[in-house]
$ cat query_16.txt   # compact mmCIF, C-alpha atoms
# COMPACT_ATOMS: atom_id res chain seq x y z
CA MET A 1 155.12 187.04 131.79
CA GLY A 2 157.63 189.85 132.19
CA LEU A 3 161.01 189.70 133.87
CA GLY A 4 159.73 191.76 136.80
CA SER A 5 156.93 189.28 137.47
CA CYS A 6 159.37 186.36 137.38
CA ILE A 7 161.68 188.05 139.87
CA SER A 8 158.76 188.92 142.14
CA GLY A 9 157.53 185.32 142.02
CA CYS A 10 160.99 183.96 142.84
CA VAL A 11 161.37 186.33 145.79
CA THR A 12 157.97 185.26 147.13
CA LEU A 13 158.92 181.56 146.88
CA ILE A 14 162.22 182.19 148.68
CA MET A 15 160.44 184.09 151.47
CA LEU A 16 157.92 181.25 151.87
CA ALA A 17 160.74 178.69 152.01
CA VAL A 18 162.66 180.68 154.63
CA THR A 19 159.49 181.17 156.72
CA GLY A 20 158.74 177.46 156.53
CA TYR A 21 162.28 176.56 157.61
CA LEU A 22 162.17 178.97 160.58
CA LEU A 23 158.79 177.59 161.66
CA TRP A 24 160.09 174.01 161.38
CA HIS A 25 163.13 174.89 163.50
CA PHE A 26 160.99 176.73 166.08
CA LEU A 27 158.75 173.66 166.47
CA GLY A 28 161.72 171.50 167.36
CA GLN A 29 162.49 170.16 163.85
CA PRO A 30 159.56 167.69 163.78
CA GLU A 31 159.90 164.58 161.63
CA SER A 32 156.22 164.36 160.73
CA PHE A 33 153.18 166.58 160.29
CA ASP A 34 151.54 165.05 163.39
CA GLU A 35 154.61 165.84 165.50
CA ALA A 36 154.59 169.42 164.18
CA LEU A 37 150.94 169.83 165.20
CA THR A 38 151.66 168.40 168.65
CA ASN A 39 154.59 170.78 169.18
CA LEU A 40 152.52 173.73 167.94
CA ASN A 41 149.71 172.87 170.35
CA ASN A 42 152.22 172.68 173.21
CA VAL A 43 153.55 176.12 172.31
CA LEU A 44 150.05 177.63 172.13
CA ASP A 45 148.94 175.96 175.38
CA ASN A 46 151.93 177.34 177.27
CA PHE A 47 152.14 180.78 175.69
CA SER A 48 150.99 183.90 177.53
CA PHE A 49 151.98 187.49 176.86
CA ASP A 50 151.53 188.17 180.57
CA ASP A 51 154.28 185.68 181.42
CA PHE A 52 156.59 186.42 178.51
CA ASP A 53 159.58 188.52 179.50
CA PHE A 54 161.24 189.82 176.35
CA SER A 55 164.08 191.43 178.32
CA ASN A 56 165.09 188.09 179.85
CA MET A 57 164.64 185.58 177.06
CA PHE A 58 168.13 184.27 177.71
CA GLY A 59 168.65 185.68 181.18
CA ASP A 60 169.51 182.38 182.81
CA LEU A 61 173.23 183.06 182.71
CA ASP A 62 174.98 186.36 182.83
CA SER A 63 178.27 187.83 183.83
CA ASN A 64 178.70 190.31 186.63
CA GLY A 65 181.53 191.83 184.66
CA GLY A 66 185.13 190.79 185.05
CA ASP A 67 187.94 191.67 182.72
CA GLY A 68 186.24 191.51 179.37
CA GLY A 69 183.43 189.24 180.55
CA GLY A 70 180.13 189.55 178.75
CA ASP A 71 176.70 188.00 178.70
CA TYR A 72 176.94 184.24 178.57
CA SER A 73 173.83 182.49 177.34
CA GLY A 74 172.47 180.51 174.45
CA GLY A 75 172.37 176.93 173.26
CA SER A 76 175.66 176.86 171.40
CA ASN A 77 177.19 174.42 173.92
CA HIS A 78 179.90 176.99 174.48
CA THR A 79 181.66 176.36 177.78
CA LEU A 80 183.54 178.38 180.35
CA ILE A 81 186.29 176.96 182.54
CA TRP A 82 187.45 177.60 186.10
CA ASP A 83 190.97 178.97 186.47
CA LEU A 84 193.79 176.45 186.42
CA GLY A 85 194.14 176.62 190.19
CA LYS A 86 190.81 174.78 190.34
CA ALA A 87 190.96 172.73 187.15
CA THR A 88 193.74 170.23 186.50
CA GLU A 89 194.23 167.32 184.15
CA ASN A 90 192.62 165.16 186.85
CA GLY A 91 189.37 167.10 186.87
CA LEU A 92 187.77 170.01 188.68
CA THR A 93 187.82 170.51 192.46
CA LEU A 94 185.50 173.33 193.46
CA THR A 95 184.15 174.70 196.74
CA LEU A 96 180.41 175.38 196.96
CA LYS A 97 179.08 177.65 199.70
CA ASN A 98 175.69 176.38 200.80
CA ASN A 99 173.78 179.57 201.61
CA LEU A 100 170.37 177.89 201.43
CA ASP A 101 167.66 177.74 204.04
CA GLU A 102 166.47 174.44 205.49
CA THR A 103 163.79 173.92 202.82
CA TRP A 104 166.45 173.47 200.12
CA GLN A 105 168.96 171.18 201.79
CA LEU A 106 167.72 167.88 200.32
CA GLU A 107 167.60 169.22 196.75
CA TYR A 108 171.06 170.73 197.13
CA GLN A 109 172.62 167.56 198.54
CA GLN A 110 171.04 165.43 195.82
CA ALA A 111 172.12 167.74 193.00
CA VAL A 112 175.70 167.92 194.27
CA ALA A 113 175.84 164.12 194.54
CA ASN A 114 174.42 163.77 191.02
CA TRP A 115 177.05 166.06 189.51
CA MET A 116 179.83 164.07 191.18
CA ASP A 117 178.38 160.77 189.98
CA SER A 118 180.42 160.44 186.80
CA ASP A 119 182.83 157.69 185.79
CA PRO A 120 185.63 158.57 186.06
CA GLY A 121 184.89 161.27 188.63
CA ILE A 122 185.63 164.44 186.73
CA VAL A 123 184.03 166.83 189.25
CA ARG A 124 184.76 167.02 192.97
CA LEU A 125 182.53 169.45 194.84
CA GLU A 126 183.41 170.41 198.41
CA SER A 127 180.45 171.91 200.25
CA VAL A 128 180.71 174.46 203.06
CA ARG A 129 177.57 175.47 204.96
CA VAL A 130 177.02 179.19 205.57
CA GLU A 131 176.00 179.78 209.17
CA ASP A 132 172.72 181.61 209.76
CA TYR A 133 171.25 181.77 206.25
CA LEU A 134 170.81 185.35 205.08
CA LYS A 135 169.99 186.75 201.66
CA ASP A 136 172.61 189.48 202.03
CA LYS A 137 175.28 186.79 202.26
CA CYS A 138 174.49 185.75 198.69
CA LYS A 139 177.44 187.56 197.14
CA ALA A 140 180.18 186.49 194.76
CA GLU A 141 183.44 185.27 196.28
CA ASP A 142 186.51 184.59 194.19
CA GLY A 143 187.30 180.95 193.59
CA LEU A 144 183.99 179.40 194.57
CA MET A 145 180.32 178.93 193.75
CA MET A 146 177.76 180.49 196.10
CA VAL A 147 174.36 178.70 196.09
CA CYS A 148 171.38 180.64 197.47
CA ASN A 149 167.60 180.83 197.55
CA TYR A 150 165.44 183.93 197.86
CA ASN A 151 162.43 185.59 196.26
CA ASP A 152 163.72 187.49 193.23
CA GLY A 153 160.22 188.35 192.06
CA ASP A 154 158.32 187.76 188.83
CA ASN A 155 161.36 187.93 186.52
CA GLY A 156 160.49 184.95 184.30
CA MET A 157 163.34 182.80 185.68
CA LEU A 158 163.08 179.82 188.01
CA GLY A 159 166.76 180.33 188.77
CA PHE A 160 169.84 182.03 187.43
CA ASN A 161 173.60 181.96 187.75
CA ASN A 162 175.72 185.09 187.80
CA LEU A 163 179.26 184.33 186.68
CA VAL A 164 182.35 186.50 186.64
CA PHE A 165 184.75 185.50 183.88
CA ASP A 166 187.38 187.14 181.69
CA GLN A 167 187.93 187.50 177.96
CA ASN A 168 189.49 184.04 177.88
CA ASP A 169 186.33 182.48 179.37
CA ILE A 170 188.07 181.78 182.68
CA ILE A 171 185.59 181.75 185.58
CA TYR A 172 186.49 183.53 188.82
CA SER A 173 183.21 183.28 190.73
CA SER A 174 179.67 181.94 190.47
CA VAL A 175 176.41 182.73 192.27
CA ALA A 176 173.57 180.26 191.69
CA VAL A 177 170.14 181.46 192.83
CA MET A 178 166.88 179.53 193.23
CA ASN A 179 164.00 181.97 192.78
CA GLU A 180 161.45 181.39 195.56
CA TYR A 181 158.84 183.42 193.69
CA TYR A 182 158.28 180.37 191.48
CA LEU A 183 159.86 177.54 193.46
CA ALA A 184 158.66 178.01 197.05
CA ASN A 185 155.66 175.74 196.43
CA ALA A 186 157.01 173.80 193.44
CA ASP A 187 157.26 170.01 193.48
CA TRP A 188 160.45 168.03 194.09
CA ASP A 189 161.24 167.41 190.42
CA GLU A 190 161.02 171.07 189.43
CA ARG A 191 163.16 172.16 192.37
CA LEU A 192 165.78 169.44 191.80
CA TYR A 193 165.85 170.21 188.05
CA THR A 194 166.47 173.91 188.75
CA MET A 195 169.18 173.18 191.32
CA CYS A 196 170.93 170.76 188.94
CA HIS A 197 170.62 173.27 186.09
CA GLU A 198 172.08 176.24 187.94
CA VAL A 199 174.92 174.24 189.50
CA GLY A 200 175.70 172.97 185.99
CA HIS A 201 176.04 176.55 184.78
CA GLY A 202 178.37 177.20 187.70
CA LEU A 203 180.61 174.37 186.48
CA GLY A 204 180.90 176.16 183.12
CA LEU A 205 178.21 174.41 181.07
CA ASP A 206 175.81 176.08 178.67
CA HIS A 207 172.35 174.82 177.71
CA THR A 208 172.16 171.66 175.64
CA ASP A 209 168.92 172.93 174.07
CA GLU A 210 166.72 176.01 174.48
CA ASN A 211 163.38 174.84 173.09
CA PRO A 212 161.24 173.66 176.01
CA TYR A 213 158.59 172.13 173.73
CA ASN A 214 160.64 169.69 171.67
CA LYS A 215 161.74 166.19 172.67
CA ASP A 216 163.38 166.06 176.10
CA LEU A 217 167.10 165.30 176.00
CA GLY A 218 167.15 163.67 179.43
CA ASN A 219 169.64 166.04 181.10
CA CYS A 220 169.15 169.00 183.40
CA MET A 221 170.88 171.47 181.08
CA ASP A 222 168.02 171.01 178.59
CA TYR A 223 165.18 173.55 178.58
CA THR A 224 161.97 171.66 179.31
CA ASP A 225 158.35 171.97 180.41
CA ASN A 226 158.68 168.46 181.88
CA PRO A 227 161.31 168.64 184.65
CA SER A 228 160.69 165.02 185.70
CA ALA A 229 162.39 163.86 182.48
CA ASN A 230 165.44 166.07 183.00
CA ILE A 231 166.31 166.09 186.71
CA LEU A 232 169.78 164.53 186.34
CA PRO A 233 173.00 165.47 184.53
CA GLY A 234 173.33 163.45 181.35
CA ASP A 235 176.16 161.69 179.55
CA VAL A 236 176.47 164.65 177.18
CA ASN A 237 177.08 166.97 180.17
CA PHE A 238 179.75 164.70 181.66
CA ALA A 239 181.40 164.32 178.27
CA ARG A 240 181.58 168.08 177.99
CA LEU A 241 183.10 168.37 181.46
CA ARG A 242 185.69 165.74 180.58
CA GLY A 243 186.48 167.72 177.46
CA ILE A 244 187.24 170.91 179.36
CA TYR A 245 188.68 169.52 182.61
CA GLY A 246 190.57 166.51 181.32
CA GLU A 247 190.29 162.75 181.74
$ encode --input "query_16.txt" --output "structure tokens"
Amino acid sequence: MGLGSCISGCVTLIMLAVTGYLLWHFLGQPESFDEALTNLNNVLDNFSFDDFDFSNMFGDLDSNGGDGGGDYSGGSNHTLIWDLGKATENGLTLTLKNNLDETWQLEYQQAVANWMDSDPGIVRLESVRVEDYLKDKCKAEDGLMMVCNYNDGDNGMLGFNNLVFDQNDIIYSSVAVMNEYYLANADWDERLYTMCHEVGHGLGLDHTDENPYNKDLGNCMDYTDNPSANILPGDVNFARLRGIYGE
């Protein structure tokens, strides 16, 4: 066997190994062959080119600009932080403007209560109701999070949060939107999960995981196809908030 054949064989083996590793990671790093098959079946059952939006794969969080702000998305557990006028060593106090119609009030109230239910209380959310709900009132305002619902169309996102932040990752405003195109007739768990998720982004949190087909992590910042298992903030989310806003 010549040197060229040996090199070619080695390159082929390396490519196979890399492909196998990427496939293993994509399937949620299964610990057994049976788990890998289960995860693969879940992917195939839920996959549709008609529903797959390549332009918005990570469109859940983006910046509206700001001084040096850029797209903020991904599962790196990278966090943003509200300016020091809102965040002190005793935690975060933040105003939320409730610009939701009547159909969303229960989910909103529950999600806000869930985010404040940490020990010690690291997040204090002060809610202000917007009079006469209107979509055109869903605009960024400095120093607060606006929470809205409207039909944003078939964009591949149950909800999204537009943040304005600077090059130092300091947040100046947040707009959390529940997309009625998908959620108008959704069940309680899916609506509460989405509300919890988008409010969590508004607090500065990133995703804890971005594979919806692997094992659920039990917190609403986890991508999932089973919202019922992830409708609440988790200990990992509160630990992250304590890390950025102080004990």
$ closest_residue --input "query_16.txt" --among "A:Asn219, A:Asn149, A:Ser173, A:Thr12" --to "Ile231 in chain A" --atoms "only C-alpha atoms"
A:Asn219
$ residues_around --input "query_16.txt" --residues "Glu102 in chain A" --least-positions-apart "3" --cutoff "9 Å" --atoms "only C-alpha atoms" --output "ChimeraX atom specification"
/A:105-106,133
$ atom_distance --input "query_16.txt" --atom1 "CA of Ala17 in chain A" --atom2 "CA of Thr208 in chain A"
27.2 Å
$ closest_residue --input "query_16.txt" --among "A:Ser118, A:Thr224, A:Asn161, A:Gln109" --to "Leu192 in chain A" --atoms "all atoms listed in the file"
A:Gln109
$ atom_distance --input "query_16.txt" --atom1 "CA of Met178 in chain A" --atom2 "CA of Leu94 in chain A"
19.6 Å
